>>> print(open('input-v8.csv').read())   # CSV, C-alpha atoms
chain,number,residue,atom,x,y,z
A,500,MET,CA,27.9,-44.0,-6.3
A,501,CYS,CA,28.7,-41.0,-8.4
A,502,GLY,CA,28.1,-40.9,-12.1
A,503,ALA,CA,31.0,-40.2,-14.5
A,504,ALA,CA,31.6,-36.7,-15.7
A,505,GLY,CA,32.1,-37.8,-19.3
A,506,PHE,CA,29.2,-37.7,-21.7
A,507,ALA,CA,28.5,-38.4,-25.4
A,508,LEU,CA,28.0,-35.1,-27.3
A,509,PRO,CA,24.2,-34.7,-27.4
A,510,GLY,CA,21.6,-33.7,-29.9
A,511,PRO,CA,19.2,-30.9,-28.9
A,512,ALA,CA,16.5,-33.2,-27.4
A,513,ARG,CA,19.1,-34.5,-24.8
A,514,VAL,CA,20.4,-31.2,-23.6
A,515,LEU,CA,18.1,-30.7,-20.5
A,516,PRO,CA,18.4,-34.2,-19.2
A,517,LEU,CA,22.1,-34.1,-19.7
A,518,LEU,CA,22.5,-30.9,-17.7
A,519,GLY,CA,20.7,-32.6,-14.8
A,520,PHE,CA,23.0,-35.6,-15.1
A,521,LEU,CA,26.1,-33.4,-15.1
A,522,LEU,CA,25.0,-31.5,-12.0
A,523,ILE,CA,24.5,-34.8,-10.1
A,524,GLY,CA,27.8,-36.1,-11.4
A,525,LEU,CA,29.7,-33.1,-10.3
A,526,SER,CA,28.3,-33.0,-6.8
A,527,CYS,CA,30.4,-35.9,-5.5
A,528,ASP,CA,33.6,-37.7,-6.1
A,529,GLU,CA,33.5,-40.0,-9.2
A,530,ASP,CA,34.9,-43.5,-9.7
A,531,PRO,CA,38.4,-43.7,-11.4
A,532,VAL,CA,38.2,-43.4,-15.2
A,533,SER,CA,39.5,-46.3,-17.2
A,534,VAL,CA,41.8,-45.2,-20.0
A,535,GLU,CA,41.8,-48.6,-21.7
A,536,ASP,CA,40.1,-49.3,-25.0
A,537,ARG,CA,39.7,-45.6,-25.9
A,538,VAL,CA,41.3,-43.2,-28.3
A,539,TRP,CA,42.2,-40.1,-26.3
A,540,ALA,CA,42.6,-36.7,-28.1
A,541,VAL,CA,41.9,-33.0,-27.8
A,542,GLU,CA,39.5,-31.6,-30.3
A,543,GLN,CA,41.3,-28.4,-31.0
A,544,GLN,CA,38.5,-26.2,-32.1
A,545,ASP,CA,36.4,-26.4,-29.0
A,546,ARG,CA,39.2,-27.7,-26.7
A,547,SER,CA,37.3,-30.8,-25.7
A,548,LEU,CA,39.1,-33.8,-24.2
A,549,LEU,CA,37.7,-36.7,-26.2
A,550,ALA,CA,37.6,-40.4,-25.0
A,551,LEU,CA,36.5,-42.3,-28.1
A,552,PRO,CA,35.5,-45.9,-27.3
A,553,PHE,CA,37.0,-48.7,-29.5
A,554,ALA,CA,33.7,-50.6,-29.3
A,555,SER,CA,31.1,-47.9,-30.2
A,556,PRO,CA,30.8,-44.7,-32.3
A,557,ASP,CA,30.1,-42.5,-29.3
A,558,CYS,CA,31.9,-39.1,-29.1
A,559,VAL,CA,32.5,-39.0,-25.3
A,560,SER,CA,33.8,-35.7,-23.9
A,561,ARG,CA,35.6,-35.6,-20.6
A,562,GLY,CA,35.5,-31.8,-20.3
A,563,TYR,CA,37.0,-28.5,-21.5
A,564,VAL,CA,40.8,-28.1,-21.7
A,565,ALA,CA,41.8,-24.6,-20.7
A,566,ASP,CA,45.2,-24.9,-22.4
A,567,GLU,CA,45.7,-25.1,-26.1
A,568,LEU,CA,46.9,-28.7,-26.3
A,569,GLY,CA,48.4,-30.3,-29.4
A,570,PRO,CA,50.5,-33.5,-29.1
A,571,VAL,CA,49.4,-36.0,-26.5
A,572,ALA,CA,50.6,-39.4,-25.2
A,573,PHE,CA,50.4,-41.8,-22.3
A,574,ASP,CA,53.6,-42.4,-20.4
A,575,GLU,CA,54.5,-45.9,-19.0
A,576,GLU,CA,52.5,-45.1,-15.8
A,577,GLU,CA,49.5,-44.3,-18.0
A,578,ASN,CA,49.5,-40.6,-17.2
A,579,LEU,CA,48.1,-38.6,-20.0
A,580,LEU,CA,50.6,-35.9,-21.1
A,581,GLY,CA,50.0,-33.0,-23.5
A,582,VAL,CA,52.1,-30.2,-25.1
A,583,ASP,CA,50.8,-26.7,-24.6
A,584,LEU,CA,51.1,-25.1,-28.0
A,585,LEU,CA,51.1,-21.5,-26.7
A,586,LEU,CA,53.3,-21.6,-23.6
A,587,LEU,CA,55.5,-24.5,-24.9
A,588,ARG,CA,55.4,-26.7,-21.9
A,589,LEU,CA,54.5,-30.3,-21.1
A,590,LEU,CA,51.3,-30.8,-19.0
A,591,GLU,CA,49.7,-33.7,-17.2
A,592,VAL,CA,46.0,-34.0,-18.1
A,593,GLU,CA,43.5,-35.5,-15.7
A,594,VAL,CA,41.3,-37.8,-17.7
A,595,SER,CA,38.3,-37.5,-15.4
A,596,ASN,CA,37.8,-33.7,-15.9
A,597,ALA,CA,40.4,-32.4,-18.4
A,598,TYR,CA,42.2,-30.4,-15.7
A,599,THR,CA,45.9,-29.8,-16.4
A,600,THR,CA,49.0,-29.6,-14.2
A,601,PRO,CA,52.3,-28.2,-15.6
A,602,ARG,CA,55.3,-30.6,-15.6
A,603,PHE,CA,58.1,-28.7,-17.3
A,604,ASP,CA,58.9,-26.1,-20.0
A,605,LEU,CA,59.9,-27.1,-23.5
A,606,PRO,CA,62.0,-24.1,-24.7
A,607,GLY,CA,63.2,-23.8,-28.3
A,608,LEU,CA,60.3,-25.6,-30.0
A,609,GLU,CA,59.0,-24.3,-33.3
A,610,GLU,CA,55.9,-26.2,-34.1
A,611,PRO,CA,55.2,-29.3,-31.9
A,612,ARG,CA,53.3,-31.9,-34.1
A,613,ALA,CA,53.4,-35.2,-32.3
A,614,LEU,CA,54.5,-36.8,-29.1
A,615,THR,CA,55.1,-40.5,-28.4
A,616,ILE,CA,56.6,-42.4,-25.5
A,617,ALA,CA,58.5,-45.5,-26.6
A,618,PRO,CA,59.5,-48.5,-24.4
A,619,GLY,CA,61.9,-47.5,-21.7
A,620,ASN,CA,59.8,-44.3,-21.0
A,621,ARG,CA,61.7,-42.6,-23.9
A,622,HIS,CA,59.9,-39.3,-24.7
A,623,TYR,CA,60.1,-38.3,-28.4
A,624,LEU,CA,58.7,-35.1,-29.9
A,625,LEU,CA,58.3,-34.3,-33.6
A,626,ASP,CA,58.9,-30.6,-34.1
A,627,ALA,CA,58.0,-28.6,-37.3
A,628,GLY,CA,58.0,-31.8,-39.4
A,629,THR,CA,61.8,-31.4,-39.8
A,630,ARG,CA,63.4,-32.7,-36.5
A,631,LEU,CA,63.0,-35.3,-33.8
A,632,LEU,CA,63.8,-34.5,-30.2
A,633,GLN,CA,64.3,-36.9,-27.3
A,634,LEU,CA,63.3,-35.3,-24.0
A,635,ASP,CA,64.4,-36.1,-20.5
A,636,ALA,CA,61.4,-37.4,-18.7
A,637,GLU,CA,62.1,-35.5,-15.5
A,638,SER,CA,63.3,-32.1,-16.7
A,639,GLY,CA,62.1,-31.8,-20.3
A,640,SER,CA,65.6,-30.8,-21.5
A,641,TRP,CA,66.7,-32.2,-24.9
A,642,THR,CA,68.9,-35.3,-24.5
A,643,ARG,CA,69.3,-35.8,-28.2
A,644,SER,CA,68.2,-34.1,-31.5
A,645,TRP,CA,68.0,-35.4,-35.0
A,646,SER,CA,67.3,-33.7,-38.3
A,647,LEU,CA,64.8,-35.6,-40.4
A,648,LEU,CA,65.8,-36.7,-43.9
A,649,PRO,CA,63.8,-36.2,-46.1
A,650,GLU,CA,63.5,-33.0,-44.2
A,651,SER,CA,60.0,-31.8,-44.4
A,652,GLY,CA,56.3,-32.7,-44.2
A,653,TRP,CA,56.3,-35.2,-41.4
A,654,THR,CA,53.2,-34.8,-39.1
A,655,ALA,CA,52.8,-38.0,-37.0
A,656,LEU,CA,55.0,-40.1,-34.8
A,657,ALA,CA,54.7,-43.5,-33.1
A,658,TRP,CA,56.8,-46.6,-32.5
A,659,LEU,CA,56.9,-50.2,-33.8
A,660,PRO,CA,55.0,-52.6,-31.4
A,661,VAL,CA,56.4,-55.8,-32.9
A,662,ALA,CA,59.7,-56.8,-34.5
A,663,MET,CA,59.6,-57.1,-38.3
A,664,GLU,CA,61.6,-57.1,-41.5
A,665,SER,CA,61.5,-53.9,-43.5
A,666,PRO,CA,60.7,-54.0,-47.3
A,667,ASN,CA,64.5,-53.8,-48.0
A,668,GLY,CA,65.3,-56.7,-45.7
A,669,GLN,CA,66.5,-54.8,-42.6
A,670,ALA,CA,65.5,-56.2,-39.1
A,671,LEU,CA,63.4,-53.7,-37.2
A,672,SER,CA,63.1,-54.1,-33.4
A,673,VAL,CA,60.3,-53.3,-31.1
A,674,GLY,CA,60.5,-49.5,-30.3
A,675,THR,CA,61.7,-48.5,-33.8
A,676,LEU,CA,60.3,-45.0,-34.4
A,677,LEU,CA,57.7,-44.5,-37.1
A,678,VAL,CA,56.8,-41.3,-38.8
A,679,TRP,CA,54.0,-40.4,-41.3
A,680,ARG,CA,53.5,-37.6,-43.9
A,681,PRO,CA,51.0,-36.9,-46.7
A,682,ALA,CA,51.8,-38.2,-50.1
A,683,GLY,CA,49.5,-37.6,-53.1
A,684,SER,CA,45.9,-38.4,-52.1
A,685,GLY,CA,47.1,-40.6,-49.2
A,686,GLY,CA,50.3,-40.9,-47.1
A,687,GLU,CA,53.5,-42.6,-46.4
A,688,LEU,CA,54.5,-44.5,-43.2
A,689,ALA,CA,58.2,-44.7,-42.7
A,690,TRP,CA,60.6,-46.0,-40.1
A,691,LEU,CA,63.5,-44.0,-38.7
A,692,GLU,CA,67.2,-45.0,-38.8
A,693,LEU,CA,68.8,-42.8,-36.1
A,694,GLU,CA,72.3,-41.7,-36.8
A,695,GLU,CA,74.5,-39.0,-35.3
A,696,GLY,CA,72.4,-35.9,-35.7
A,697,GLN,CA,70.2,-37.3,-38.5
A,698,ALA,CA,67.1,-39.5,-38.6
A,699,LEU,CA,66.8,-41.2,-42.0
A,700,ALA,CA,63.2,-42.0,-43.0
A,701,HIS,CA,62.8,-45.3,-44.9
A,702,SER,CA,59.4,-45.9,-46.5
A,703,LEU,CA,57.4,-48.8,-44.9
A,704,MET,CA,53.9,-48.7,-46.5
A,705,ALA,CA,51.3,-46.5,-48.2
A,706,THR,CA,48.4,-45.4,-46.1
A,707,PRO,CA,45.1,-43.4,-46.3
A,708,ARG,CA,45.5,-39.7,-45.5
A,709,LEU,CA,45.9,-39.5,-41.7
A,710,SER,CA,45.7,-36.9,-39.0
A,711,ALA,CA,47.3,-38.8,-36.2
A,712,LEU,CA,49.2,-42.0,-35.3
A,713,GLU,CA,49.9,-43.8,-32.1
A,714,THR,CA,51.0,-47.2,-30.6
A,715,SER,CA,49.2,-49.0,-27.9
A,716,ARG,CA,51.6,-50.4,-25.3
A,717,ARG,CA,48.8,-52.6,-23.8
A,718,LYS,CA,47.7,-54.1,-27.1
A,719,ASP,CA,51.0,-54.1,-29.1
A,720,GLU,CA,49.2,-52.5,-31.9
A,721,LEU,CA,49.6,-49.4,-34.1
A,722,TYR,CA,46.5,-47.2,-34.7
A,723,ALA,CA,45.6,-44.0,-36.7
A,724,LEU,CA,42.8,-41.5,-37.3
A,725,ASP,CA,42.1,-40.3,-40.9
A,726,ALA,CA,42.7,-36.7,-41.9
A,727,THR,CA,39.1,-35.7,-42.1
A,728,GLY,CA,38.4,-37.1,-38.7
A,729,GLY,CA,36.2,-39.9,-37.6
A,730,GLU,CA,37.7,-43.0,-39.2
A,731,PHE,CA,39.8,-45.1,-36.9
A,732,TYR,CA,42.3,-47.7,-38.3
A,733,ARG,CA,44.5,-50.4,-37.1
A,734,LEU,CA,47.8,-50.6,-39.0
A,735,ARG,CA,49.9,-53.7,-39.2
A,736,PRO,CA,52.9,-52.9,-41.5
A,737,TRP,CA,54.5,-56.3,-40.7
A,738,ARG,CA,51.5,-57.8,-42.6
A,739,GLY,CA,50.8,-54.9,-45.0
A,740,GLU,CA,47.3,-54.5,-43.4
A,741,ILE,CA,45.2,-51.4,-42.8
A,742,THR,CA,41.9,-52.3,-41.1
A,743,PRO,CA,39.0,-49.8,-40.5
A,744,LEU,CA,37.8,-50.3,-36.9
A,745,GLN,CA,35.4,-47.6,-36.1
A,746,SER,CA,33.8,-44.4,-37.4
A,747,TYR,CA,33.2,-41.5,-35.0
A,748,PRO,CA,30.6,-38.8,-36.1
A,749,CYS,CA,31.9,-36.1,-33.9
A,750,GLN,CA,31.5,-32.5,-35.1
A,751,PRO,CA,33.8,-30.5,-35.0
A,752,PHE,CA,36.7,-33.0,-35.3
A,753,ARG,CA,40.0,-31.2,-35.6
A,754,ILE,CA,42.6,-33.5,-34.0
A,755,GLY,CA,46.4,-33.2,-34.4
A,756,ASP,CA,47.5,-36.2,-32.3
A,757,ILE,CA,46.1,-39.2,-30.3
A,758,ALA,CA,47.0,-41.1,-27.2
A,759,ILE,CA,46.2,-44.8,-26.6
A,760,PRO,CA,47.5,-46.6,-23.5
>>> encode(input="input-v8.csv", output="structure tokens")
Amino acid sequence: MCGAAGFALPGPARVLPLLGFLLIGLSCDEDPVSVEDRVWAVEQQDRSLLALPFASPDCVSRGYVADELGPVAFDEEENLLGVDLLLLRLLEVEVSNAYTTPRFDLPGLEEPRALTIAPGNRHYLLDAGTRLLQLDAESGSWTRSWSLLPESGWTALAWLPVAMESPNGQALSVGTLLVWRPAGSGGELAWLELEEGQALAHSLMATPRLSALETSRRKDELYALDATGGEFYRLRPWRGEITPLQSYPCQPFRIGDIAIP
């Protein structure tokens, strides 16, 4: 049976044995890669597709991504999707080897910052920190667009995995969109009230300073990475809880978005 192509980033003493392992692993077809219980992201400095295990601090690389990927997310069929920041198109990313396949162009974007796929396979993209777009899952065309109010600084996007009551007493349903932005030494998590042409952000809770946010459909949980990279959190705004779960010592660690099935 073939070995997996993924590997933990090595120290110098492990380089030669690792090269032998990779040559063996690449010589035959590998078993399907499980996407569960991992944080998936593209480290943007060295373009490595990372699969960070929930249960261990290993920095596991699945390979080099030829495209300059930013926002990533899993769709409802658990395909890993990513936005090409240079060519402005949506790609499907093969988790076993980081190969990419174009799906469709995304014309008219300014600065794609985050991608999330809410229940009902609704594709949402946060662009330039100032607007929210809903994309057609088949063509990539915009089906709806909203200007964010307050209008700047938003960098992360996810959705609410459980129903809850907001701090001002409003009932929030599963799938309510969540955004994050830096505030002071930390950050602000907010929920979005979608009106005609406007998305009103209402503060939900204070957080540490984050780099990425995502919702797990399998686990009904909200997760985040901190801004300096390496600290992985579970956020439960319905309980006012932020729980550190894991610390990843990867270097470099420049991640703009995460995907969790």
>>> closest_residue(input="input-v8.csv", among="A:Ala565, A:Val582, A:Leu589, A:Ala613", to="A:Glu713", atoms="only C-alpha atoms")
A:Ala613
>>> residues_around(input="input-v8.csv", residues="stretch 645-660 of chain A", least_positions_apart="2", cutoff="6 Å", atoms="all atoms listed in the file", output="list in words")
Arg612, Ala613, Thr615, Gly628, Thr629, Arg630, Leu631, Val673, Gly674, Thr675, Leu676, Leu677, Val678, Trp679, Arg680, Gly696, Gln697, Ala698, Leu699, Ala700, Ala711, Leu712, Glu713, Thr714, Asp719 and Glu720 of chain A
>>> atom_distance(input="input-v8.csv", atom1="atom CA of A:Gly619", atom2="atom CA of A:Leu693")
16.6 Å
>>> residues_near_point(input="input-v8.csv", point="(54.7, -28.8, -34.9)", cutoff="6 Å", atoms="all atoms listed in the file", output="MDAnalysis selection string")
chainID A and resid 610:612 626:627
>>> closest_residue(input="input-v8.csv", among="A:Glu694, A:Ala636, A:His701, A:Leu587", to="A:Asn667", atoms="only C-alpha atoms")
A:His701
>>> closest_atom_pairs(input="input-v8.csv", of="stretch 682-754 of chain A", to="stretch 531-547 of chain A", cutoff="6 Å", atoms="all atoms listed in the file", output="tab-separated table")
residue	atom	partner	partner_atom	distance
A:Phe752	CA	A:Glu542	CA	5.9
A:Arg753	CA	A:Glu542	CA	5.3
A:Ile754	CA	A:Glu542	CA	5.2
>>> residues_around(input="input-v8.csv", residues="A:Glu567", least_positions_apart="6", cutoff="7 Å", atoms="only C-alpha atoms", output="JSON, numbers by chain")
{"A": [583, 584, 585]}
>>> residues_around(input="input-v8.csv", residues="A:Thr706", least_positions_apart="5", cutoff="8 Å", atoms="all atoms listed in the file", output="mmCIF file with C-alpha atoms, in the frame of the given file")
data_model
loop_
_atom_site.group_PDB
_atom_site.id
_atom_site.type_symbol
_atom_site.label_atom_id
_atom_site.label_comp_id
_atom_site.auth_asym_id
_atom_site.auth_seq_id
_atom_site.Cartn_x
_atom_site.Cartn_y
_atom_site.Cartn_z
ATOM 1 C CA GLY A 685 47.100 -40.600 -49.200
ATOM 2 C CA GLY A 686 50.300 -40.900 -47.100
ATOM 3 C CA GLU A 687 53.500 -42.600 -46.400
ATOM 4 C CA LEU A 688 54.500 -44.500 -43.200
ATOM 5 C CA ILE A 741 45.200 -51.400 -42.800
#
>>> closest_residue(input="input-v8.csv", among="A:Ala758, A:Leu551, A:Leu614, A:Val592", to="A:Glu730", atoms="all atoms listed in the file")
A:Leu551
>>> residues_near_point(input="input-v8.csv", point="(42.5, -36.9, -40.8)", cutoff="9 Å", atoms="all atoms listed in the file", output="CSV table (one decimal) with C-alpha atoms, in the frame of the given file")
chain,number,residue,atom,x,y,z
A,707,PRO,CA,45.1,-43.4,-46.3
A,708,ARG,CA,45.5,-39.7,-45.5
A,709,LEU,CA,45.9,-39.5,-41.7
A,710,SER,CA,45.7,-36.9,-39.0
A,711,ALA,CA,47.3,-38.8,-36.2
A,723,ALA,CA,45.6,-44.0,-36.7
A,724,LEU,CA,42.8,-41.5,-37.3
A,725,ASP,CA,42.1,-40.3,-40.9
A,726,ALA,CA,42.7,-36.7,-41.9
A,727,THR,CA,39.1,-35.7,-42.1
A,728,GLY,CA,38.4,-37.1,-38.7
A,729,GLY,CA,36.2,-39.9,-37.6
A,730,GLU,CA,37.7,-43.0,-39.2
A,752,PHE,CA,36.7,-33.0,-35.3
A,753,ARG,CA,40.0,-31.2,-35.6
A,754,ILE,CA,42.6,-33.5,-34.0
A,755,GLY,CA,46.4,-33.2,-34.4
>>> atom_distance(input="input-v8.csv", atom1="atom CA of A:Asn578", atom2="atom CA of A:Thr642")
21.4 Å
>>> atom_distance(input="input-v8.csv", atom1="atom CA of A:Leu568", atom2="atom CA of A:Leu632")
18.3 Å
>>> closest_residue(input="input-v8.csv", among="A:Pro751, A:Pro570, A:Gly581, A:Gly639", to="A:Phe603", atoms="all atoms listed in the file")
A:Gly639
>>> closest_residue(input="input-v8.csv", among="A:Asp604, A:Glu664, A:Asp557, A:Glu591", to="A:Trp641", atoms="only C-alpha atoms")
A:Asp604
